[in-house]
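Here's data-v1.pdb, which has PDB, C-alpha atoms and all ligand atoms:
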```
ATOM      1  CA  MET A   1     -28.625  16.925 -59.684  1.00  0.00           C
ATOM      2  CA  MET A   2     -32.372  17.079 -59.181  1.00  0.00           C
ATOM      3  CA  THR A   3     -33.481  20.001 -57.048  1.00  0.00           C
ATOM      4  CA  VAL A   4     -36.779  21.249 -55.693  1.00  0.00           C
ATOM      5  CA  GLN A   5     -37.347  24.991 -55.668  1.00  0.00           C
ATOM      6  CA  ASN A   6     -40.987  25.863 -55.484  1.00  0.00           C
ATOM      7  CA  VAL A   7     -43.745  23.623 -54.152  1.00  0.00           C
ATOM      8  CA  GLU A   8     -47.388  24.580 -54.155  1.00  0.00           C
ATOM      9  CA  PHE A   9     -50.430  22.819 -52.806  1.00  0.00           C
ATOM     10  CA  GLY A  10     -52.944  22.434 -55.606  1.00  0.00           C
ATOM     11  CA  THR A  11     -56.069  20.405 -54.990  1.00  0.00           C
ATOM     12  CA  SER A  12     -57.541  18.032 -52.481  1.00  0.00           C
ATOM     13  CA  ALA A  13     -59.774  15.538 -54.312  1.00  0.00           C
ATOM     14  CA  PRO A  14     -62.289  13.467 -52.331  1.00  0.00           C
ATOM     15  CA  THR A  15     -63.274  11.435 -55.428  1.00  0.00           C
ATOM     16  CA  PHE A  16     -61.466  10.354 -58.567  1.00  0.00           C
ATOM     17  CA  ARG A  17     -63.761  12.533 -60.663  1.00  0.00           C
ATOM     18  CA  GLU A  18     -62.533  15.587 -58.779  1.00  0.00           C
ATOM     19  CA  CYS A  19     -58.857  15.066 -59.631  1.00  0.00           C
ATOM     20  CA  PRO A  20     -57.464  18.103 -61.456  1.00  0.00           C
ATOM     21  CA  ASP A  21     -56.749  17.945 -65.187  1.00  0.00           C
ATOM     22  CA  SER A  22     -53.000  17.781 -65.670  1.00  0.00           C
ATOM     23  CA  ASP A  23     -50.400  16.876 -68.292  1.00  0.00           C
ATOM     24  CA  LEU A  24     -47.512  16.992 -65.836  1.00  0.00           C
ATOM     25  CA  PRO A  25     -45.950  13.709 -64.734  1.00  0.00           C
ATOM     26  CA  GLU A  26     -47.288  12.630 -61.351  1.00  0.00           C
ATOM     27  CA  PHE A  27     -45.566  10.699 -58.576  1.00  0.00           C
ATOM     28  CA  ALA A  28     -47.988   9.107 -56.129  1.00  0.00           C
ATOM     29  CA  PHE A  29     -47.244   7.744 -52.664  1.00  0.00           C
ATOM     30  CA  ILE A  30     -49.206   4.728 -51.545  1.00  0.00           C
ATOM     31  CA  GLY A  31     -48.918   2.154 -48.781  1.00  0.00           C
ATOM     32  CA  ARG A  32     -50.435   0.923 -45.570  1.00  0.00           C
ATOM     33  CA  SER A  33     -51.928   3.558 -43.348  1.00  0.00           C
ATOM     34  CA  ASN A  34     -49.249   5.136 -41.124  1.00  0.00           C
ATOM     35  CA  VAL A  35     -46.331   3.795 -43.230  1.00  0.00           C
ATOM     36  CA  GLY A  36     -45.041   7.363 -43.707  1.00  0.00           C
ATOM     37  CA  LYS A  37     -46.414   8.605 -47.058  1.00  0.00           C
ATOM     38  CA  SER A  38     -47.110  12.170 -46.002  1.00  0.00           C
ATOM     39  CA  SER A  39     -43.819  12.392 -44.084  1.00  0.00           C
ATOM     40  CA  LEU A  40     -41.834  11.272 -47.121  1.00  0.00           C
ATOM     41  CA  ILE A  41     -43.550  13.863 -49.321  1.00  0.00           C
ATOM     42  CA  ASN A  42     -42.564  16.516 -46.817  1.00  0.00           C
ATOM     43  CA  ARG A  43     -38.976  15.284 -46.715  1.00  0.00           C
ATOM     44  CA  LEU A  44     -38.670  15.064 -50.506  1.00  0.00           C
ATOM     45  CA  SER A  45     -40.125  18.498 -51.042  1.00  0.00           C
ATOM     46  CA  GLY A  46     -38.098  19.971 -48.193  1.00  0.00           C
ATOM     47  CA  ARG A  47     -41.318  21.463 -46.758  1.00  0.00           C
ATOM     48  CA  PRO A  48     -41.965  19.960 -43.300  1.00  0.00           C
ATOM     49  CA  GLY A  49     -45.570  21.156 -43.044  1.00  0.00           C
ATOM     50  CA  LEU A  50     -46.701  20.521 -46.607  1.00  0.00           C
ATOM     51  CA  ALA A  51     -48.627  17.261 -46.172  1.00  0.00           C
ATOM     52  CA  LYS A  52     -50.358  16.557 -42.865  1.00  0.00           C
ATOM     53  CA  VAL A  53     -48.659  13.919 -40.748  1.00  0.00           C
ATOM     54  CA  SER A  54     -50.214  12.111 -37.815  1.00  0.00           C
ATOM     55  CA  PRO A  55     -49.209   9.337 -35.389  1.00  0.00           C
ATOM     56  CA  THR A  56     -52.699   7.839 -35.731  1.00  0.00           C
ATOM     57  CA  PRO A  57     -53.461   5.840 -38.899  1.00  0.00           C
ATOM     58  CA  GLY A  58     -56.122   6.859 -41.402  1.00  0.00           C
ATOM     59  CA  HIS A  59     -55.100  10.492 -41.395  1.00  0.00           C
ATOM     60  CA  THR A  60     -54.961  11.360 -45.107  1.00  0.00           C
ATOM     61  CA  LYS A  61     -58.488  11.015 -46.483  1.00  0.00           C
ATOM     62  CA  THR A  62     -58.338  12.625 -49.908  1.00  0.00           C
ATOM     63  CA  LEU A  63     -55.950  12.715 -52.855  1.00  0.00           C
ATOM     64  CA  ASN A  64     -53.713  15.743 -52.319  1.00  0.00           C
ATOM     65  CA  PHE A  65     -51.895  17.232 -55.290  1.00  0.00           C
ATOM     66  CA  PHE A  66     -48.733  19.316 -54.990  1.00  0.00           C
ATOM     67  CA  ASN A  67     -47.111  21.066 -57.917  1.00  0.00           C
ATOM     68  CA  VAL A  68     -43.308  21.126 -58.001  1.00  0.00           C
ATOM     69  CA  ASP A  69     -41.574  23.806 -60.031  1.00  0.00           C
ATOM     70  CA  GLY A  70     -44.415  23.880 -62.565  1.00  0.00           C
ATOM     71  CA  ARG A  71     -42.948  20.666 -63.993  1.00  0.00           C
ATOM     72  CA  TRP A  72     -44.158  17.691 -62.003  1.00  0.00           C
ATOM     73  CA  SER A  73     -46.546  16.719 -59.207  1.00  0.00           C
ATOM     74  CA  LEU A  74     -46.483  14.853 -55.924  1.00  0.00           C
ATOM     75  CA  VAL A  75     -49.687  13.100 -54.883  1.00  0.00           C
ATOM     76  CA  ASP A  76     -50.389  12.074 -51.301  1.00  0.00           C
ATOM     77  CA  LEU A  77     -52.875   9.207 -51.104  1.00  0.00           C
ATOM     78  CA  PRO A  78     -54.882   7.794 -48.212  1.00  0.00           C
ATOM     79  CA  GLY A  79     -53.458   4.551 -46.825  1.00  0.00           C
ATOM     80  CA  TYR A  80     -54.915   1.096 -47.215  1.00  0.00           C
ATOM     81  CA  GLY A  81     -55.537  -1.515 -44.539  1.00  0.00           C
ATOM     82  CA  TYR A  82     -56.730   0.717 -41.779  1.00  0.00           C
ATOM     83  CA  ALA A  83     -59.536  -1.152 -40.004  1.00  0.00           C
ATOM     84  CA  GLN A  84     -61.671   1.798 -39.086  1.00  0.00           C
ATOM     85  CA  LYS A  85     -65.169   1.378 -37.692  1.00  0.00           C
ATOM     86  CA  ASP A  86     -66.909   2.902 -40.679  1.00  0.00           C
ATOM     87  CA  ALA A  87     -66.790   0.129 -43.305  1.00  0.00           C
ATOM     88  CA  ALA A  88     -68.480   2.326 -45.921  1.00  0.00           C
ATOM     89  CA  ALA A  89     -65.829   5.014 -45.531  1.00  0.00           C
ATOM     90  CA  ARG A  90     -63.075   2.445 -45.804  1.00  0.00           C
ATOM     91  CA  ALA A  91     -64.578   1.030 -48.998  1.00  0.00           C
ATOM     92  CA  ARG A  92     -64.774   4.570 -50.368  1.00  0.00           C
ATOM     93  CA  PHE A  93     -61.050   5.224 -49.701  1.00  0.00           C
ATOM     94  CA  GLU A  94     -60.071   1.931 -51.266  1.00  0.00           C
ATOM     95  CA  ARG A  95     -62.151   2.690 -54.350  1.00  0.00           C
ATOM     96  CA  LEU A  96     -60.544   6.122 -54.565  1.00  0.00           C
ATOM     97  CA  ILE A  97     -57.000   4.699 -54.347  1.00  0.00           C
ATOM     98  CA  LEU A  98     -57.621   1.928 -56.877  1.00  0.00           C
ATOM     99  CA  ASP A  99     -59.454   4.233 -59.321  1.00  0.00           C
ATOM    100  CA  TYR A 100     -56.654   6.746 -59.195  1.00  0.00           C
ATOM    101  CA  LEU A 101     -53.860   4.202 -59.683  1.00  0.00           C
ATOM    102  CA  GLU A 102     -55.630   2.307 -62.431  1.00  0.00           C
ATOM    103  CA  HIS A 103     -57.009   5.210 -64.449  1.00  0.00           C
ATOM    104  CA  ARG A 104     -54.871   8.286 -63.920  1.00  0.00           C
ATOM    105  CA  GLU A 105     -53.221   9.021 -67.242  1.00  0.00           C
ATOM    106  CA  SER A 106     -50.660  11.437 -65.872  1.00  0.00           C
ATOM    107  CA  LEU A 107     -49.361   8.927 -63.300  1.00  0.00           C
ATOM    108  CA  ALA A 108     -45.656   8.560 -64.123  1.00  0.00           C
ATOM    109  CA  GLN A 109     -44.730   6.393 -61.157  1.00  0.00           C
ATOM    110  CA  ALA A 110     -46.296   5.143 -57.950  1.00  0.00           C
ATOM    111  CA  PHE A 111     -44.096   4.608 -54.923  1.00  0.00           C
ATOM    112  CA  VAL A 112     -45.315   1.687 -52.862  1.00  0.00           C
ATOM    113  CA  LEU A 113     -44.154   2.304 -49.320  1.00  0.00           C
ATOM    114  CA  ILE A 114     -43.343  -0.600 -47.051  1.00  0.00           C
ATOM    115  CA  ASP A 115     -42.522  -0.332 -43.360  1.00  0.00           C
ATOM    116  CA  SER A 116     -38.972  -1.662 -42.935  1.00  0.00           C
ATOM    117  CA  ARG A 117     -39.593  -2.413 -39.250  1.00  0.00           C
ATOM    118  CA  HIS A 118     -41.653  -5.482 -40.063  1.00  0.00           C
ATOM    119  CA  PRO A 119     -41.130  -8.625 -42.143  1.00  0.00           C
ATOM    120  CA  PRO A 120     -43.324  -8.797 -45.293  1.00  0.00           C
ATOM    121  CA  GLN A 121     -47.030  -8.357 -44.553  1.00  0.00           C
ATOM    122  CA  ALA A 122     -49.786 -10.151 -46.458  1.00  0.00           C
ATOM    123  CA  ILE A 123     -51.649  -6.919 -47.171  1.00  0.00           C
ATOM    124  CA  ASP A 124     -48.611  -5.380 -48.897  1.00  0.00           C
ATOM    125  CA  GLN A 125     -48.074  -8.508 -50.964  1.00  0.00           C
ATOM    126  CA  GLU A 126     -51.714  -8.455 -52.048  1.00  0.00           C
ATOM    127  CA  PHE A 127     -51.434  -4.832 -52.982  1.00  0.00           C
ATOM    128  CA  VAL A 128     -48.251  -5.367 -55.030  1.00  0.00           C
ATOM    129  CA  ARG A 129     -49.911  -8.303 -56.773  1.00  0.00           C
ATOM    130  CA  TRP A 130     -52.779  -6.004 -57.742  1.00  0.00           C
ATOM    131  CA  MET A 131     -50.361  -3.343 -59.026  1.00  0.00           C
ATOM    132  CA  LEU A 132     -48.672  -5.942 -61.233  1.00  0.00           C
ATOM    133  CA  GLN A 133     -52.015  -7.210 -62.459  1.00  0.00           C
ATOM    134  CA  VAL A 134     -53.295  -3.810 -63.579  1.00  0.00           C
ATOM    135  CA  ASP A 135     -49.799  -2.895 -64.784  1.00  0.00           C
ATOM    136  CA  VAL A 136     -49.249   0.316 -62.840  1.00  0.00           C
ATOM    137  CA  PRO A 137     -45.608   1.483 -63.001  1.00  0.00           C
ATOM    138  CA  PHE A 138     -44.248   1.412 -59.477  1.00  0.00           C
ATOM    139  CA  SER A 139     -41.164   1.226 -57.282  1.00  0.00           C
ATOM    140  CA  LEU A 140     -40.813  -0.074 -53.761  1.00  0.00           C
ATOM    141  CA  VAL A 141     -39.737   2.244 -50.978  1.00  0.00           C
ATOM    142  CA  LEU A 142     -38.787   1.028 -47.517  1.00  0.00           C
ATOM    143  CA  THR A 143     -39.651   3.572 -44.833  1.00  0.00           C
ATOM    144  CA  LYS A 144     -38.556   4.332 -41.271  1.00  0.00           C
ATOM    145  CA  ILE A 145     -35.131   2.733 -41.599  1.00  0.00           C
ATOM    146  CA  ASP A 146     -33.929   4.927 -38.721  1.00  0.00           C
ATOM    147  CA  ARG A 147     -36.099   2.761 -36.484  1.00  0.00           C
ATOM    148  CA  VAL A 148     -34.516  -0.586 -37.395  1.00  0.00           C
ATOM    149  CA  LYS A 149     -31.194  -2.034 -36.330  1.00  0.00           C
ATOM    150  CA  PRO A 150     -28.921  -2.635 -39.353  1.00  0.00           C
ATOM    151  CA  ALA A 151     -28.946  -6.446 -38.969  1.00  0.00           C
ATOM    152  CA  GLU A 152     -32.741  -6.452 -38.669  1.00  0.00           C
ATOM    153  CA  LEU A 153     -33.026  -4.237 -41.749  1.00  0.00           C
ATOM    154  CA  GLU A 154     -30.868  -6.602 -43.807  1.00  0.00           C
ATOM    155  CA  ARG A 155     -32.924  -9.546 -42.605  1.00  0.00           C
ATOM    156  CA  HIS A 156     -36.167  -7.829 -43.640  1.00  0.00           C
ATOM    157  CA  ILE A 157     -34.695  -6.782 -46.981  1.00  0.00           C
ATOM    158  CA  GLY A 158     -33.750 -10.410 -47.642  1.00  0.00           C
ATOM    159  CA  LEU A 159     -37.307 -11.454 -46.882  1.00  0.00           C
ATOM    160  CA  PHE A 160     -38.768  -8.668 -49.061  1.00  0.00           C
ATOM    161  CA  ALA A 161     -36.494  -9.652 -51.938  1.00  0.00           C
ATOM    162  CA  LYS A 162     -37.635 -13.266 -51.656  1.00  0.00           C
ATOM    163  CA  THR A 163     -41.284 -12.268 -51.427  1.00  0.00           C
ATOM    164  CA  PHE A 164     -41.141  -9.918 -54.368  1.00  0.00           C
ATOM    165  CA  GLU A 165     -39.210 -12.345 -56.516  1.00  0.00           C
ATOM    166  CA  GLU A 166     -41.999 -14.827 -55.889  1.00  0.00           C
ATOM    167  CA  LEU A 167     -44.386 -12.201 -57.243  1.00  0.00           C
ATOM    168  CA  GLY A 168     -42.263 -11.943 -60.372  1.00  0.00           C
ATOM    169  CA  LEU A 169     -40.648  -8.629 -59.477  1.00  0.00           C
ATOM    170  CA  SER A 170     -37.046  -8.386 -60.528  1.00  0.00           C
ATOM    171  CA  PRO A 171     -34.731  -6.920 -59.711  1.00  0.00           C
ATOM    172  CA  ALA A 172     -36.161  -6.547 -56.217  1.00  0.00           C
ATOM    173  CA  ARG A 173     -34.753  -3.050 -55.936  1.00  0.00           C
ATOM    174  CA  ALA A 174     -36.160  -0.931 -53.170  1.00  0.00           C
ATOM    175  CA  PHE A 175     -35.281   2.566 -52.065  1.00  0.00           C
ATOM    176  CA  ARG A 176     -34.266   2.721 -48.411  1.00  0.00           C
ATOM    177  CA  THR A 177     -35.557   5.848 -46.755  1.00  0.00           C
ATOM    178  CA  SER A 178     -36.007   7.685 -43.511  1.00  0.00           C
ATOM    179  CA  SER A 179     -38.048  10.849 -43.305  1.00  0.00           C
ATOM    180  CA  GLU A 180     -36.503  11.395 -39.912  1.00  0.00           C
ATOM    181  CA  THR A 181     -32.871  11.536 -41.122  1.00  0.00           C
ATOM    182  CA  GLY A 182     -33.342  12.217 -44.841  1.00  0.00           C
ATOM    183  CA  VAL A 183     -31.619   9.010 -45.961  1.00  0.00           C
ATOM    184  CA  GLY A 184     -32.747   8.072 -49.466  1.00  0.00           C
ATOM    185  CA  ARG A 185     -34.005  11.521 -50.430  1.00  0.00           C
ATOM    186  CA  PHE A 186     -31.224  12.098 -52.944  1.00  0.00           C
ATOM    187  CA  GLU A 187     -31.681   8.708 -54.652  1.00  0.00           C
ATOM    188  CA  LEU A 188     -35.439   9.123 -54.838  1.00  0.00           C
ATOM    189  CA  LEU A 189     -35.171  12.622 -56.314  1.00  0.00           C
ATOM    190  CA  GLN A 190     -32.609  11.448 -58.879  1.00  0.00           C
ATOM    191  CA  PHE A 191     -34.945   8.661 -59.901  1.00  0.00           C
ATOM    192  CA  ILE A 192     -37.861  11.101 -60.177  1.00  0.00           C
ATOM    193  CA  GLY A 193     -35.672  13.338 -62.355  1.00  0.00           C
ATOM    194  CA  GLU A 194     -34.819  10.456 -64.699  1.00  0.00           C
ATOM    195  CA  THR A 195     -38.453   9.417 -64.921  1.00  0.00           C
ATOM    196  CA  ILE A 196     -39.518  12.974 -65.750  1.00  0.00           C
ATOM    197  CA  ARG A 197     -36.952  13.176 -68.536  1.00  0.00           C
ATOM    198  CA  GLU A 198     -38.251   9.909 -70.010  1.00  0.00           C
ATOM    199  CA  TRP A 199     -41.806  11.176 -69.671  1.00  0.00           C
ATOM    200  CA  GLU A 200     -40.983  14.406 -71.444  1.00  0.00           C
ATOM    201  CA  GLY A 201     -39.241  12.313 -74.098  1.00  0.00           C
TER     202      GLY A 201
HETATM  203  N1  LIG A 301     -38.956   7.438 -36.954  1.00  0.00           N
HETATM  204  C1  LIG A 301     -39.630   7.708 -38.072  1.00  0.00           C
HETATM  205  N2  LIG A 301     -40.938   8.010 -37.994  1.00  0.00           N
HETATM  206  C2  LIG A 301     -41.598   8.253 -39.156  1.00  0.00           C
HETATM  207  C3  LIG A 301     -40.961   8.205 -40.421  1.00  0.00           C
HETATM  208  N3  LIG A 301     -41.886   8.477 -41.369  1.00  0.00           N
HETATM  209  C4  LIG A 301     -43.040   8.693 -40.714  1.00  0.00           C
HETATM  210  N4  LIG A 301     -42.894   8.572 -39.380  1.00  0.00           N
HETATM  211  C5  LIG A 301     -43.945   8.717 -38.354  1.00  0.00           C
HETATM  212  O1  LIG A 301     -44.983   7.790 -38.647  1.00  0.00           O
HETATM  213  C6  LIG A 301     -46.271   8.357 -38.366  1.00  0.00           C
HETATM  214  C7  LIG A 301     -47.144   8.316 -39.605  1.00  0.00           C
HETATM  215  O2  LIG A 301     -46.596   9.177 -40.609  1.00  0.00           O
HETATM  216  P1  LIG A 301     -47.474   9.748 -41.808  1.00  0.00           P
HETATM  217  O3  LIG A 301     -46.517  10.408 -42.727  1.00  0.00           O
HETATM  218  O4  LIG A 301     -48.626  10.547 -41.310  1.00  0.00           O
HETATM  219  O5  LIG A 301     -48.002   8.383 -42.439  1.00  0.00           O
HETATM  220  P2  LIG A 301     -49.071   8.179 -43.626  1.00  0.00           P
HETATM  221  O6  LIG A 301     -48.621   6.972 -44.375  1.00  0.00           O
HETATM  222  O7  LIG A 301     -49.211   9.427 -44.406  1.00  0.00           O
HETATM  223  O8  LIG A 301     -50.392   7.846 -42.799  1.00  0.00           O
HETATM  224  P3  LIG A 301     -51.955   7.968 -43.267  1.00  0.00           P
HETATM  225  O9  LIG A 301     -52.148   9.265 -43.981  1.00  0.00           O
HETATM  226  O10 LIG A 301     -52.692   7.892 -41.979  1.00  0.00           O
HETATM  227  O11 LIG A 301     -52.208   6.769 -44.145  1.00  0.00           O
HETATM  228  C8  LIG A 301     -45.994   9.774 -37.855  1.00  0.00           C
HETATM  229  O12 LIG A 301     -45.978   9.737 -36.451  1.00  0.00           O
HETATM  230  C9  LIG A 301     -44.607  10.081 -38.411  1.00  0.00           C
HETATM  231  O13 LIG A 301     -43.900  11.025 -37.640  1.00  0.00           O
HETATM  232  C10 LIG A 301     -39.557   7.880 -40.462  1.00  0.00           C
HETATM  233  O14 LIG A 301     -38.904   7.793 -41.499  1.00  0.00           O
HETATM  234  N5  LIG A 301     -38.958   7.646 -39.255  1.00  0.00           N
HETATM  235 MG    MG A 302     -50.866  10.574 -44.805  1.00  0.00          MG
END
```

Target format structure tokens, applied to this file:
Amino acid sequence: MMTVQNVEFGTSAPTFRECPDSDLPEFAFIGRSNVGKSSLINRLSGRPGLAKVSPTPGHTKTLNFFNVDGRWSLVDLPGYGYAQKDAAARARFERLILDYLEHRESLAQAFVLIDSRHPPQAIDQEFVRWMLQVDVPFSLVLTKIDRVKPAELERHIGLFAKTFEELGLSPARAFRTSSETGVGRFELLQFIGETIREWEG
């Protein structure tokens, strides 16, 4: 049983260069702006106010590192796909996200969050294709399942499975989560625990 005792905010890095040195395995949360990255980090850590959550997209603007029990780290990333007015700022966030995912040596696993309320979106497919191309280890996480009727959820999951199989992802396993109800927290933490044990070898 994987538990979380002590969680501490470490660093907020506005550029890849400013990421802290670390040997601990890192678990990063990435996905479209507003998909629920910060909320899921709060739910997993059991600390509601840890990462800043906002109903308006484009809220998280830096890489935020949280240390868990001196053994592993959670990293909250800015979202992609938010069409803000400032194109230069958007390009800067995208660079930051891609640099981190491609070059961070302590990245044990990225969680790619997908909003379960919608059928597959082109921007998520493009992003997953990029992850496969640069060979970043990742898992898919469906968010906000409390907001979808069961039949609708199954329909979307069928479509996701088809989409991701087309991208060569198999098995098309995805964690089903809700930061509102806590569904999926246990499974995600167990998986993190297993990944840490592999990492520690
Ligand atoms: N009902 C429901 N709402 C959620 C869930 N997760 C997140 N939200 C809401 O979705 C909105 C965005 O959540 P955030 O956690 O800030 O999303 P984010 O992906 O970190 O967004 P950015 O940092 O802007 O990219 C907030 O209003 C949350 O309360 C969920 O599981 N269920
Ligand atoms: Mg956020």

> Exactly which residues make up the result of the PyMOL selection byres (((not hetatm)) within 10 of (chain A and resi 302)) on this file, given as a count of residues only?
Replying inline: 31

>> When the PyMOL selection byres (((chain A and resi 175-182) around 10) and not hetatm) is applied to the structure above, which residues does it catch, written out as a ChimeraX atom specification?
In response: /A:36-44,46,48,111,113-116,139-147,153,157,173-174,183-188,191

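Nearest residue to ligand LIG 301 (chain A), choosing from A:Leu101, A:Met1, A:Val112, A:Leu107 and counting all atoms listed in the file: A:Val112.
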
> Quick one: of A:Gly49, A:Pro137, A:Glu200, A:Arg71, who's nearest to ligand LIG 301 (chain A), counting all atoms listed in the file?
Replying inline: A:Gly49

> So which residues touch Gln5 in chain A within 9 Å, counting all atoms listed in the file, skipping near sequence neighbours fewer than 3 positions away, as a list in words?
Replying inline: Ser45, Val68 and Asp69 of chain A

Incomplete range 160-185 of chain A filled out to N, CA and C atoms as a CSV table (one decimal), in the frame of the given file:
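The new file out20.csv reads:
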```csv
chain,number,residue,atom,x,y,z
A,160,PHE,N,-38.0,-9.4,-48.0
A,160,PHE,CA,-38.8,-8.7,-49.1
A,160,PHE,C,-38.3,-9.1,-50.4
A,161,ALA,N,-37.0,-9.2,-50.6
A,161,ALA,CA,-36.5,-9.7,-51.9
A,161,ALA,C,-37.1,-11.0,-52.3
A,162,LYS,N,-37.1,-11.9,-51.4
A,162,LYS,CA,-37.6,-13.3,-51.7
A,162,LYS,C,-39.1,-13.2,-52.0
A,163,THR,N,-39.9,-12.4,-51.2
A,163,THR,CA,-41.3,-12.3,-51.4
A,163,THR,C,-41.6,-11.7,-52.8
A,164,PHE,N,-40.8,-10.6,-53.1
A,164,PHE,CA,-41.1,-9.9,-54.4
A,164,PHE,C,-40.7,-10.7,-55.6
A,165,GLU,N,-39.6,-11.5,-55.4
A,165,GLU,CA,-39.2,-12.3,-56.5
A,165,GLU,C,-40.3,-13.4,-56.8
A,166,GLU,N,-40.9,-13.9,-55.7
A,166,GLU,CA,-42.0,-14.8,-55.9
A,166,GLU,C,-43.2,-14.2,-56.7
A,167,LEU,N,-43.3,-12.9,-56.5
A,167,LEU,CA,-44.4,-12.2,-57.2
A,167,LEU,C,-44.0,-11.8,-58.7
A,168,GLY,N,-42.7,-12.2,-59.0
A,168,GLY,CA,-42.3,-11.9,-60.4
A,168,GLY,C,-41.6,-10.6,-60.5
A,169,LEU,N,-41.3,-9.9,-59.4
A,169,LEU,CA,-40.6,-8.6,-59.5
A,169,LEU,C,-39.1,-8.8,-59.5
A,170,SER,N,-38.5,-8.3,-60.6
A,170,SER,CA,-37.0,-8.4,-60.5
A,170,SER,C,-36.5,-7.2,-61.4
A,171,PRO,N,-35.4,-6.6,-61.0
A,171,PRO,CA,-34.7,-6.9,-59.7
A,171,PRO,C,-35.5,-6.4,-58.5
A,172,ALA,N,-35.4,-7.0,-57.4
A,172,ALA,CA,-36.2,-6.5,-56.2
A,172,ALA,C,-35.5,-5.3,-55.6
A,173,ARG,N,-35.4,-4.3,-56.4
A,173,ARG,CA,-34.8,-3.0,-55.9
A,173,ARG,C,-35.7,-2.2,-55.1
A,174,ALA,N,-35.3,-1.8,-54.0
A,174,ALA,CA,-36.2,-0.9,-53.2
A,174,ALA,C,-35.3,0.2,-52.6
A,175,PHE,N,-35.9,1.4,-52.7
A,175,PHE,CA,-35.3,2.6,-52.1
A,175,PHE,C,-35.4,2.4,-50.5
A,176,ARG,N,-34.3,2.8,-49.9
A,176,ARG,CA,-34.3,2.7,-48.4
A,176,ARG,C,-34.3,4.2,-47.9
A,177,THR,N,-35.4,4.4,-47.2
A,177,THR,CA,-35.6,5.8,-46.8
A,177,THR,C,-35.9,6.0,-45.3
A,178,SER,N,-35.6,7.2,-44.8
A,178,SER,CA,-36.0,7.7,-43.5
A,178,SER,C,-36.4,9.1,-43.6
A,179,SER,N,-37.6,9.5,-43.3
A,179,SER,CA,-38.0,10.8,-43.3
A,179,SER,C,-37.5,11.6,-42.1
A,180,GLU,N,-37.1,10.8,-41.1
A,180,GLU,CA,-36.5,11.4,-39.9
A,180,GLU,C,-35.1,11.9,-40.2
A,181,THR,N,-34.3,11.1,-40.9
A,181,THR,CA,-32.9,11.5,-41.1
A,181,THR,C,-32.6,12.1,-42.5
A,182,GLY,N,-33.5,11.8,-43.5
A,182,GLY,CA,-33.3,12.2,-44.8
A,182,GLY,C,-32.6,11.2,-45.7
A,183,VAL,N,-32.2,10.1,-45.2
A,183,VAL,CA,-31.6,9.0,-46.0
A,183,VAL,C,-32.5,8.6,-47.1
A,184,GLY,N,-32.0,8.5,-48.3
A,184,GLY,CA,-32.7,8.1,-49.5
A,184,GLY,C,-33.4,9.2,-50.3
A,185,ARG,N,-33.4,10.4,-49.7
A,185,ARG,CA,-34.0,11.5,-50.4
A,185,ARG,C,-33.3,11.8,-51.8
```
